[in-house]
file upload.txt (compact mmCIF, C-alpha atoms)
# COMPACT_ATOMS: atom_id res chain seq x y z
CA MET A 13 31.24 14.81 -9.05
CA GLU A 14 30.74 12.51 -6.09
CA ILE A 15 30.50 13.24 -2.37
CA LYS A 16 33.74 11.33 -1.95
CA HIS A 17 35.54 13.90 -4.15
CA LEU A 18 34.37 16.72 -1.89
CA GLU A 19 35.27 14.80 1.28
CA TYR A 20 38.82 14.24 0.00
CA PHE A 21 39.07 17.90 -1.02
CA ILE A 22 37.99 19.07 2.45
CA GLU A 23 40.53 16.83 4.18
CA VAL A 24 43.42 17.97 1.97
CA ALA A 25 42.44 21.60 2.60
CA ARG A 26 42.30 20.94 6.35
CA TYR A 27 45.72 19.27 6.61
CA LYS A 28 47.35 21.18 3.73
CA SER A 29 48.86 17.85 2.74
CA PHE A 30 47.81 14.95 0.58
CA SER A 31 49.74 12.44 2.66
CA LYS A 32 48.30 13.60 6.00
CA ALA A 33 44.79 13.65 4.59
CA ALA A 34 45.27 10.10 3.30
CA GLU A 35 46.54 8.96 6.68
CA ASN A 36 43.64 10.58 8.53
CA ILE A 37 40.84 9.10 6.41
CA HIS A 38 42.57 5.76 5.79
CA ALA A 39 42.72 6.16 2.01
CA SER A 40 45.63 5.82 -0.37
CA GLN A 41 47.40 9.03 -1.44
CA PRO A 42 47.13 8.14 -5.16
CA ASN A 43 43.35 7.78 -4.83
CA ILE A 44 43.09 11.17 -3.14
CA SER A 45 45.33 12.81 -5.75
CA LYS A 46 43.23 11.26 -8.52
CA ALA A 47 39.96 12.45 -6.93
CA ILE A 48 41.25 16.02 -6.56
CA LYS A 49 42.48 16.04 -10.15
CA GLU A 50 39.08 14.83 -11.39
CA LEU A 51 37.38 17.53 -9.33
CA GLU A 52 39.64 20.22 -10.76
CA GLN A 53 38.98 19.00 -14.29
CA GLU A 54 35.25 19.04 -13.76
CA LEU A 55 35.30 22.55 -12.27
CA GLY A 56 37.81 23.82 -14.82
CA ASN A 57 40.00 25.42 -12.15
CA GLU A 58 42.89 24.43 -9.93
CA LEU A 59 41.96 24.13 -6.29
CA PHE A 60 45.46 23.94 -4.77
CA TYR A 61 48.91 25.45 -5.25
CA ARG A 62 51.19 22.50 -4.90
CA SER A 63 54.78 22.88 -3.62
CA ASN A 64 57.32 20.58 -2.06
CA LYS A 65 56.63 21.94 1.40
CA GLN A 66 52.91 22.58 1.56
CA VAL A 67 49.61 22.60 -0.28
CA GLN A 68 47.70 25.89 -0.34
CA LEU A 69 44.17 26.64 -1.50
CA THR A 70 43.74 28.84 -4.56
CA ASP A 71 41.10 31.55 -4.60
CA THR A 72 38.81 29.10 -6.37
CA GLY A 73 39.65 26.48 -3.74
CA GLU A 74 38.73 28.89 -0.93
CA LEU A 75 35.38 29.57 -2.58
CA ILE A 76 34.64 25.92 -3.27
CA LEU A 77 35.62 24.89 0.27
CA GLN A 78 32.74 26.86 1.79
CA GLU A 79 30.19 25.17 -0.47
CA ALA A 80 31.83 21.76 -0.11
CA ASP A 81 31.50 21.97 3.67
CA ARG A 82 27.80 22.74 3.34
CA ILE A 83 27.17 19.97 0.82
CA VAL A 84 29.02 17.29 2.77
CA SER A 85 27.41 18.42 6.02
CA SER A 86 23.93 18.26 4.43
CA PHE A 87 24.67 14.82 3.02
CA ARG A 88 25.71 13.55 6.45
CA ASN A 89 22.60 15.12 7.99
CA ILE A 90 20.47 13.13 5.56
CA HIS A 91 21.98 9.90 6.87
CA THR A 92 21.41 11.08 10.43
CA MET A 93 17.78 11.84 9.64
CA LEU A 94 17.31 8.43 8.02
CA ASP A 95 18.86 6.75 11.04
CA GLY A 96 16.48 8.75 13.20
CA LEU A 97 13.51 7.71 11.08
CA GLU A 98 14.47 4.07 11.46
CA HIS A 99 14.84 4.55 15.20
CA LEU A 100 11.70 6.60 15.74
CA GLN A 101 9.61 4.37 13.44
CA THR A 102 7.18 7.12 12.54
CA GLY A 103 5.11 7.99 9.49
CA LYS A 104 1.64 7.75 7.95
CA ILE A 105 -0.12 5.16 5.81
CA HIS A 106 -3.29 5.75 3.79
CA ILE A 107 -5.39 2.67 2.96
CA GLY A 108 -8.66 2.42 1.03
CA LEU A 109 -11.23 -0.28 1.87
CA PRO A 110 -14.53 -1.11 0.14
CA PRO A 111 -17.66 -0.83 2.33
CA ILE A 112 -19.12 -4.34 1.90
CA THR A 113 -16.36 -6.57 3.21
CA ALA A 114 -15.48 -8.57 6.29
CA VAL A 115 -11.72 -8.44 6.05
CA THR A 116 -10.99 -10.39 9.21
CA SER A 117 -7.46 -11.42 8.19
CA PHE A 118 -6.66 -7.82 7.26
CA SER A 119 -7.96 -6.60 10.62
CA ARG A 120 -5.75 -9.13 12.37
CA VAL A 121 -2.65 -7.93 10.51
CA LEU A 122 -3.63 -4.32 11.17
CA GLY A 123 -3.71 -5.08 14.90
CA LEU A 124 -0.30 -6.77 14.76
CA PHE A 125 1.16 -3.82 12.88
CA LYS A 126 -0.20 -1.22 15.31
CA SER A 127 1.28 -3.21 18.21
CA LYS A 128 4.69 -3.34 16.56
CA TYR A 129 4.74 0.24 15.22
CA PRO A 130 2.53 2.31 17.56
CA LYS A 131 3.98 5.63 16.31
CA ILE A 132 3.00 5.01 12.68
CA LYS A 133 -0.46 6.45 12.00
CA ILE A 134 -2.86 4.54 9.76
CA HIS A 135 -5.66 6.40 7.98
CA LEU A 136 -8.47 4.21 6.60
CA TYR A 137 -10.85 5.43 3.88
CA GLU A 138 -14.09 3.74 2.86
CA TYR A 139 -14.27 3.93 -0.94
CA GLY A 140 -15.83 1.85 -3.68
CA PRO A 141 -13.38 -0.42 -5.55
CA LYS A 142 -13.19 1.76 -8.67
CA HIS A 143 -12.57 4.83 -6.50
CA ILE A 144 -9.77 2.94 -4.73
CA GLU A 145 -8.14 2.13 -8.08
CA SER A 146 -8.16 5.76 -9.21
CA ALA A 147 -6.99 7.03 -5.79
CA LEU A 148 -4.01 4.65 -5.94
CA GLN A 149 -3.09 5.88 -9.41
CA ASP A 150 -3.39 9.50 -8.26
CA GLY A 151 -1.09 8.84 -5.31
CA ILE A 152 -3.79 9.65 -2.73
CA LEU A 153 -3.59 6.17 -1.20
CA ASP A 154 -0.58 4.03 -0.35
CA PHE A 155 -2.57 0.78 -0.44
CA GLY A 156 -6.03 -0.31 -1.48
CA ILE A 157 -8.11 -3.41 -0.79
CA PHE A 158 -10.02 -4.55 -3.87
CA THR A 159 -9.83 -7.02 -6.76
CA PRO A 160 -7.02 -5.79 -9.02
CA GLU A 161 -6.53 -7.01 -12.57
CA SER A 162 -3.91 -4.86 -14.30
CA THR A 163 -0.34 -5.99 -13.63
CA ASN A 164 0.84 -2.90 -15.51
CA LEU A 165 -0.76 -0.58 -12.97
CA PHE A 166 -0.60 -2.48 -9.69
CA GLU A 167 1.26 -5.00 -7.57
CA TRP A 168 -0.72 -6.97 -5.03
CA ILE A 169 -0.97 -9.78 -2.48
CA TRP A 170 -4.11 -11.92 -2.38
CA PHE A 171 -5.33 -12.50 1.14
CA ASP A 172 -9.07 -13.19 1.21
CA LYS A 173 -11.50 -15.32 -0.78
CA ASP A 174 -15.02 -15.28 0.59
CA PRO A 175 -17.99 -16.97 -1.17
CA HIS A 176 -21.37 -15.23 -1.37
CA TRP A 177 -24.37 -16.56 0.52
CA LEU A 178 -28.00 -15.66 0.14
CA ILE A 179 -29.37 -13.77 3.14
CA MET A 180 -33.11 -13.55 3.84
CA ASN A 181 -35.63 -12.92 6.55
CA VAL A 182 -36.78 -16.08 8.36
CA GLU A 183 -40.32 -15.46 7.05
CA HIS A 184 -39.29 -15.37 3.40
CA PRO A 185 -40.81 -18.10 1.17
CA LEU A 186 -37.35 -19.48 0.32
CA VAL A 187 -36.41 -20.01 3.96
CA ASP A 188 -37.39 -23.70 3.98
CA LYS A 189 -35.24 -24.59 1.01
CA ILE A 190 -32.27 -26.66 2.12
CA VAL A 191 -30.37 -26.03 -1.09
CA ILE A 192 -30.41 -22.71 -2.96
CA SER A 193 -29.35 -22.35 -6.59
CA TYR A 194 -29.12 -19.30 -8.83
CA ARG A 195 -32.27 -20.52 -10.58
CA ASP A 196 -34.14 -19.89 -7.32
CA LEU A 197 -33.38 -16.19 -7.67
CA ASP A 198 -35.47 -15.89 -10.83
CA LYS A 199 -38.06 -13.09 -10.42
CA GLN A 200 -36.98 -12.58 -6.80
CA GLN A 201 -36.51 -9.02 -5.56
CA LEU A 202 -32.78 -8.70 -4.94
CA ILE A 203 -30.46 -6.04 -3.52
CA LEU A 204 -27.20 -5.89 -5.45
CA TYR A 205 -23.80 -4.23 -5.27
CA THR A 206 -23.45 -0.95 -7.13
CA LYS A 207 -21.65 -0.85 -10.47
CA GLU A 208 -18.57 0.32 -8.48
CA TYR A 209 -18.09 -3.38 -7.81
CA LYS A 210 -17.06 -5.81 -10.54
CA LEU A 211 -19.24 -8.30 -8.66
CA HIS A 212 -22.31 -6.41 -9.87
CA ASP A 213 -21.90 -7.73 -13.41
CA SER A 214 -20.45 -11.08 -12.29
CA ILE A 215 -23.57 -11.93 -10.24
CA LEU A 216 -26.00 -10.88 -12.97
CA ARG A 217 -24.02 -12.84 -15.56
CA ARG A 218 -24.02 -15.95 -13.37
CA CYS A 219 -27.76 -15.67 -12.80
CA ALA A 220 -28.38 -15.36 -16.54
CA GLN A 221 -26.36 -18.54 -17.14
CA SER A 222 -28.90 -20.32 -14.91
CA HIS A 223 -31.80 -18.60 -16.71
CA ALA A 224 -32.53 -16.60 -13.58
CA TYR A 225 -33.49 -12.95 -13.90
CA PRO A 226 -33.99 -11.38 -10.47
CA GLU A 227 -35.64 -8.00 -10.09
CA ILE A 228 -32.92 -5.64 -8.89
CA VAL A 229 -34.76 -3.31 -6.53
CA LEU A 230 -31.75 -1.54 -5.08
CA GLU A 231 -28.06 -1.11 -5.88
CA THR A 232 -26.04 0.04 -2.90
CA ALA A 233 -22.67 -0.15 -1.17
CA GLN A 234 -24.18 0.47 2.28
CA LEU A 235 -24.24 -2.72 4.35
CA GLU A 236 -26.61 -1.24 6.93
CA MET A 237 -29.12 -0.39 4.19
CA ILE A 238 -28.96 -3.97 2.87
CA THR A 239 -29.40 -5.65 6.22
CA SER A 240 -32.25 -3.39 7.35
CA MET A 241 -34.18 -4.08 4.12
CA VAL A 242 -33.65 -7.83 4.48
CA GLU A 243 -34.57 -7.76 8.16
CA MET A 244 -37.92 -6.15 7.29
CA ASN A 245 -38.53 -9.05 4.87
CA LEU A 246 -38.60 -6.73 1.88
CA TYR A 247 -35.84 -8.19 -0.27
CA LEU A 248 -33.07 -10.79 -0.62
CA ALA A 249 -29.36 -10.06 -0.85
CA LEU A 250 -26.09 -11.79 -1.66
CA LEU A 251 -23.34 -11.04 0.85
CA PRO A 252 -19.90 -12.48 1.71
CA SER A 253 -20.19 -15.50 4.01
CA LYS A 254 -18.19 -13.87 6.81
CA ILE A 255 -20.71 -11.05 7.01
CA CYS A 256 -23.57 -13.57 6.85
CA LYS A 257 -22.16 -15.62 9.73
CA HIS A 258 -22.04 -12.49 11.84
CA LEU A 259 -25.58 -11.47 10.88
CA MET A 260 -26.96 -14.91 11.78
CA LYS A 261 -26.59 -13.96 15.43
CA ASN A 262 -29.80 -12.06 14.74
CA PRO A 263 -32.68 -14.63 14.83
CA ARG A 264 -34.51 -12.76 12.06
CA PHE A 265 -31.86 -13.67 9.48
CA LYS A 266 -31.21 -16.90 7.67
CA CYS A 267 -28.20 -17.33 5.39
CA VAL A 268 -27.83 -20.14 2.87
CA ALA A 269 -24.86 -21.04 0.68
CA ILE A 270 -25.41 -21.16 -3.06
CA SER A 271 -25.06 -24.77 -4.17
CA GLU A 272 -23.35 -24.17 -7.53
CA ASN A 273 -20.25 -22.25 -8.59
CA MET A 274 -20.36 -19.73 -5.81
CA ILE A 275 -19.01 -16.32 -6.81
CA PRO A 276 -16.31 -15.36 -4.31
CA LEU A 277 -15.38 -11.92 -3.12
CA GLU A 278 -11.61 -12.00 -3.80
CA LEU A 279 -9.55 -9.30 -2.13
CA ALA A 280 -5.93 -8.24 -2.37
CA LEU A 281 -3.76 -5.60 -0.78
CA ALA A 282 -2.65 -3.59 -3.81
CA TRP A 283 -0.30 -0.69 -4.44
CA GLN A 284 0.70 1.27 -7.52
CA ARG A 285 3.45 -0.40 -9.53
CA GLY A 286 6.68 1.58 -9.54
CA ARG A 287 5.54 4.09 -6.94
CA TYR A 288 7.89 5.06 -4.12
CA LEU A 289 6.80 3.51 -0.82
CA SER A 290 7.62 5.41 2.35
CA TYR A 291 9.39 3.89 5.35
CA ALA A 292 6.01 3.41 7.06
CA ALA A 293 4.46 1.79 3.97
CA MET A 294 7.41 -0.60 3.57
CA ARG A 295 7.14 -1.68 7.20
CA PHE A 296 3.40 -2.30 6.75
CA LEU A 297 4.10 -4.39 3.66
CA ASP A 298 6.71 -6.41 5.58
CA VAL A 299 4.24 -7.19 8.37
CA PHE A 300 1.49 -7.98 5.86
CA LYS A 301 3.66 -10.41 3.87
CA THR A 302 4.75 -12.16 7.06
CA ASN A 303 1.35 -12.54 8.69
CA VAL A 304 -1.45 -12.56 6.12
CA TYR A 305 -2.96 -15.70 4.69
CA ALA A 306 -5.63 -16.45 2.13
CA GLU A 307 -8.76 -17.99 3.51
call {"tool": "encode", "arguments": {"input": "upload.txt", "output": "structure tokens"}}
result
Amino acid sequence: MEIKHLEYFIEVARYKSFSKAAENIHASQPNISKAIKELEQELGNELFYRSNKQVQLTDTGELILQEADRIVSSFRNIHTMLDGLEHLQTGKIHIGLPPITAVTSFSRVLGLFKSKYPKIKIHLYEYGPKHIESALQDGILDFGIFTPESTNLFEWIWFDKDPHWLIMNVEHPLVDKIVISYRDLDKQQLILYTKEYKLHDSILRRCAQSHAYPEIVLETAQLEMITSMVEMNLYLALLPSKICKHLMKNPRFKCVAISENMIPLELALAWQRGRYLSYAAMRFLDVFKTNVYAE
């Protein structure tokens, strides 16, 4: 049964004539007759008494007409509501972001989106990358910013690639070195990402390749904790260059690029593969695709 069958049935019942119904809705009479016959076959009952002069509803037809009116009316209301949604441009979007990032290009797109769709509310959540992955799979988040790997679970758009720099206090013994390598980190006291970040293992693995074995004194996802420890000249840390450039406004910090095979923080806007995206989420994705760029 299709909505069109019910619409034809309602029109024939209204005009008590197949020909007048066809004329009113600009359809051919054979098509209407065929649709009514299919409807009667599906329901197992005749809906009309047919005579040369007029078409009359049967008892079954009278009963079905009441429900058909409700169904067709509800179907049309759905279209009205969808038109209203498009016009009102409302909705909510839930996005997860990891704590230690400087997602400048994402912030720029977020600003553009809020200007274009001021009635759509965006809720941002600060989660670790692994938490973001699980929240996406559980349907808690619409989008997440992290480093996805599984094409079976997620779809994504890369938008940021930020190398790590070494950040230190200006009184640290390494401050005078013009070039810093991973070997220089051997036996140094280092603050590292938590195991929530895939970068945790990547950095340790890269250090080991250079026969450098730093002393990991703290694992954290709190940027303020990292910077305060470094500022007090307690430890070193590896942070994305965009964060380092901002921190260098403080005269107590010095940031130096690693000279060899720098490990980048690579970020993507990801969403669960095959999941329904709301009107608001689709509009955000449109703006993101149009305006984001990988740096």
call {"tool": "residues_around", "arguments": {"input": "upload.txt", "residues": "Leu186 of chain A", "least_positions_apart": "4", "cutoff": "12 Å", "atoms": "all atoms listed in the file", "output": "list in words"}}
result
Leu178, Ile179, Met180, Asn181, Val182, Ile190, Val191, Ile192, Ser193, Asp196, Leu197, Asp198, Gln200, Asn245, Tyr247, Leu248, Lys266, Cys267 and Val268 of chain A
call {"tool": "residues_around", "arguments": {"input": "upload.txt", "residues": "Thr232 of chain A", "least_positions_apart": "2", "cutoff": "8 Å", "atoms": "only C-alpha atoms", "output": "tab-separated table (two decimals) with C-alpha atoms, in the coordinates of the input"}}
result
chain	number	residue	atom	x	y	z
A	203	ILE	CA	-30.46	-6.04	-3.52
A	204	LEU	CA	-27.20	-5.89	-5.45
A	205	TYR	CA	-23.80	-4.23	-5.27
A	206	THR	CA	-23.45	-0.95	-7.13
A	230	LEU	CA	-31.75	-1.54	-5.08
A	234	GLN	CA	-24.18	0.47	2.28
A	235	LEU	CA	-24.24	-2.72	4.35
A	237	MET	CA	-29.12	-0.39	4.19
A	238	ILE	CA	-28.96	-3.97	2.87
call {"tool": "closest_residue", "arguments": {"input": "upload.txt", "among": "A:Ile15, A:Glu54, A:Asp188, A:Lys199", "to": "Ser86 of chain A", "atoms": "all atoms listed in the file"}}
result
A:Ile15
call {"tool": "closest_residue", "arguments": {"input": "upload.txt", "among": "A:Lys46, A:Lys173, A:His38, A:Lys32", "to": "Gln66 of chain A", "atoms": "only C-alpha atoms"}}
result
A:Lys32
call {"tool": "atom_distance", "arguments": {"input": "upload.txt", "atom1": "atom CA of Pro175 of chain A", "atom2": "atom CA of Ser214 of chain A"}}
result
12.8 Å
call {"tool": "residues_around", "arguments": {"input": "upload.txt", "residues": "Val304 of chain A", "least_positions_apart": "5", "cutoff": "7 Å", "atoms": "all atoms listed in the file", "output": "PyMOL selection string"}}
result
chain A and resi 117+121+171
call {"tool": "atom_distance", "arguments": {"input": "upload.txt", "atom1": "atom CA of Val299 of chain A", "atom2": "atom CA of Lys210 of chain A"}}
result
28.5 Å
call {"tool": "closest_residue", "arguments": {"input": "upload.txt", "among": "A:Tyr288, A:Trp177, A:Tyr20, A:Phe87", "to": "Leu250 of chain A", "atoms": "all atoms listed in the file"}}
result
A:Trp177
call {"tool": "residues_near_point", "arguments": {"input": "upload.txt", "point": "(2.7, 1.6, 2.6)", "cutoff": "9 Å", "atoms": "only C-alpha atoms", "output": "ChimeraX atom specification"}}
result
/A:104-107,153-155,283,289-297
call {"tool": "closest_atom_pairs", "arguments": {"input": "upload.txt", "of": "segment 197-273 of chain A", "to": "segment 142-145 of chain A", "cutoff": "10 Å", "atoms": "only C-alpha atoms", "output": "CSV"}}
result
residue,atom,partner,partner_atom,distance
A:Lys207,CA,A:Lys142,CA,9.0
A:Glu208,CA,A:Lys142,CA,5.6
A:Tyr209,CA,A:Lys142,CA,7.2
A:Lys210,CA,A:Lys142,CA,8.7
call {"tool": "write_last_selection", "arguments": {"input": "upload.txt", "atoms": "C-alpha atoms", "output": "short mmCIF file (atom, residue, chain, number, x, y, z; two decimals), keeping the file's coordinate frame"}}
result
data_model
loop_
_atom_site.label_atom_id
_atom_site.label_comp_id
_atom_site.auth_asym_id
_atom_site.auth_seq_id
_atom_site.Cartn_x
_atom_site.Cartn_y
_atom_site.Cartn_z
CA LYS A 207 -21.65 -0.85 -10.47
CA GLU A 208 -18.57 0.32 -8.48
CA TYR A 209 -18.09 -3.38 -7.81
CA LYS A 210 -17.06 -5.81 -10.54
#
call {"tool": "decode", "arguments": {"input": "upload.txt", "residues": "segment 153-245 of chain A", "atoms": "C-alpha atoms", "output": "CSV table (one decimal), in the first residue's frame"}}
result
chain,number,residue,atom,x,y,z
A,153,LEU,CA,28.2,12.4,20.0
A,154,ASP,CA,27.4,13.4,16.5
A,155,PHE,CA,31.1,14.3,15.7
A,156,GLY,CA,34.4,13.8,17.3
A,157,ILE,CA,37.8,15.3,16.8
A,158,PHE,CA,40.6,12.7,17.1
A,159,THR,CA,42.8,10.5,15.0
A,160,PRO,CA,40.5,7.8,13.6
A,161,GLU,CA,41.8,4.6,12.0
A,162,SER,CA,38.9,2.2,11.4
A,163,THR,CA,37.1,2.8,8.1
A,164,ASN,CA,34.6,0.2,9.2
A,165,LEU,CA,33.5,2.3,12.2
A,166,PHE,CA,34.0,5.9,11.1
A,167,GLU,CA,34.0,8.3,8.3
A,168,TRP,CA,36.2,11.4,8.6
A,169,ILE,CA,37.7,14.5,7.1
A,170,TRP,CA,41.3,15.4,7.9
A,171,PHE,CA,41.8,19.0,8.8
A,172,ASP,CA,44.8,19.5,11.0
A,173,LYS,CA,48.4,18.3,11.1
A,174,ASP,CA,50.5,19.9,13.8
A,175,PRO,CA,54.1,18.8,14.6
A,176,HIS,CA,55.3,18.5,18.2
A,177,TRP,CA,57.8,20.9,19.7
A,178,LEU,CA,59.8,20.6,22.9
A,179,ILE,CA,58.8,23.2,25.5
A,180,MET,CA,61.0,24.1,28.4
A,181,ASN,CA,61.7,26.8,30.9
A,182,VAL,CA,64.3,29.4,29.8
A,183,GLU,CA,66.6,28.2,32.6
A,184,HIS,CA,66.6,24.6,31.6
A,185,PRO,CA,70.1,23.2,30.6
A,186,LEU,CA,68.8,22.4,27.0
A,187,VAL,CA,67.7,26.0,26.4
A,188,ASP,CA,71.0,26.9,24.5
A,189,LYS,CA,70.8,24.0,22.1
A,190,ILE,CA,69.9,25.3,18.6
A,191,VAL,CA,68.9,21.9,17.4
A,192,ILE,CA,67.0,19.4,19.5
A,193,SER,CA,66.8,15.7,18.6
A,194,TYR,CA,65.0,12.8,20.3
A,195,ARG,CA,68.4,11.6,21.6
A,196,ASP,CA,68.6,14.8,23.7
A,197,LEU,CA,65.6,13.6,25.6
A,198,ASP,CA,67.5,10.6,27.0
A,199,LYS,CA,67.2,10.6,30.9
A,200,GLN,CA,65.3,13.9,30.8
A,201,GLN,CA,62.3,14.2,33.0
A,202,LEU,CA,59.4,14.5,30.6
A,203,ILE,CA,55.6,15.1,30.9
A,204,LEU,CA,53.7,12.9,28.4
A,205,TYR,CA,50.2,12.4,27.1
A,206,THR,CA,48.1,9.8,28.9
A,207,LYS,CA,47.5,6.4,27.4
A,208,GLU,CA,44.1,7.8,26.1
A,209,TYR,CA,46.2,9.3,23.3
A,210,LYS,CA,47.8,7.1,20.6
A,211,LEU,CA,50.6,9.7,20.7
A,212,HIS,CA,51.7,8.3,24.1
A,213,ASP,CA,53.1,5.1,22.5
A,214,SER,CA,54.2,6.9,19.3
A,215,ILE,CA,56.4,9.3,21.2
A,216,LEU,CA,58.0,6.6,23.4
A,217,ARG,CA,58.5,4.4,20.4
A,218,ARG,CA,60.2,7.2,18.5
A,219,CYS,CA,62.5,8.0,21.4
A,220,ALA,CA,63.5,4.4,21.7
A,221,GLN,CA,64.4,4.3,18.0
A,222,SER,CA,66.9,7.1,18.8
A,223,HIS,CA,68.1,5.2,21.9
A,224,ALA,CA,66.5,7.8,24.1
A,225,TYR,CA,64.7,6.8,27.3
A,226,PRO,CA,63.3,9.8,29.1
A,227,GLU,CA,62.0,9.5,32.6
A,228,ILE,CA,58.2,9.9,32.4
A,229,VAL,CA,57.3,11.9,35.5
A,230,LEU,CA,53.7,12.6,34.7
A,231,GLU,CA,51.1,11.5,32.3
A,232,THR,CA,48.2,13.9,31.9
A,233,ALA,CA,45.7,15.4,29.5
A,234,GLN,CA,45.5,18.7,31.4
A,235,LEU,CA,47.3,21.4,29.4
A,236,GLU,CA,47.3,23.8,32.4
A,237,MET,CA,49.1,21.1,34.5
A,238,ILE,CA,51.7,20.7,31.8
A,239,THR,CA,52.5,24.3,31.3
A,240,SER,CA,52.6,25.1,35.1
A,241,MET,CA,55.1,22.3,35.7
A,242,VAL,CA,57.3,23.5,32.7
A,243,GLU,CA,57.1,27.1,33.8
A,244,MET,CA,58.4,26.2,37.3
A,245,ASN,CA,61.4,24.5,35.5
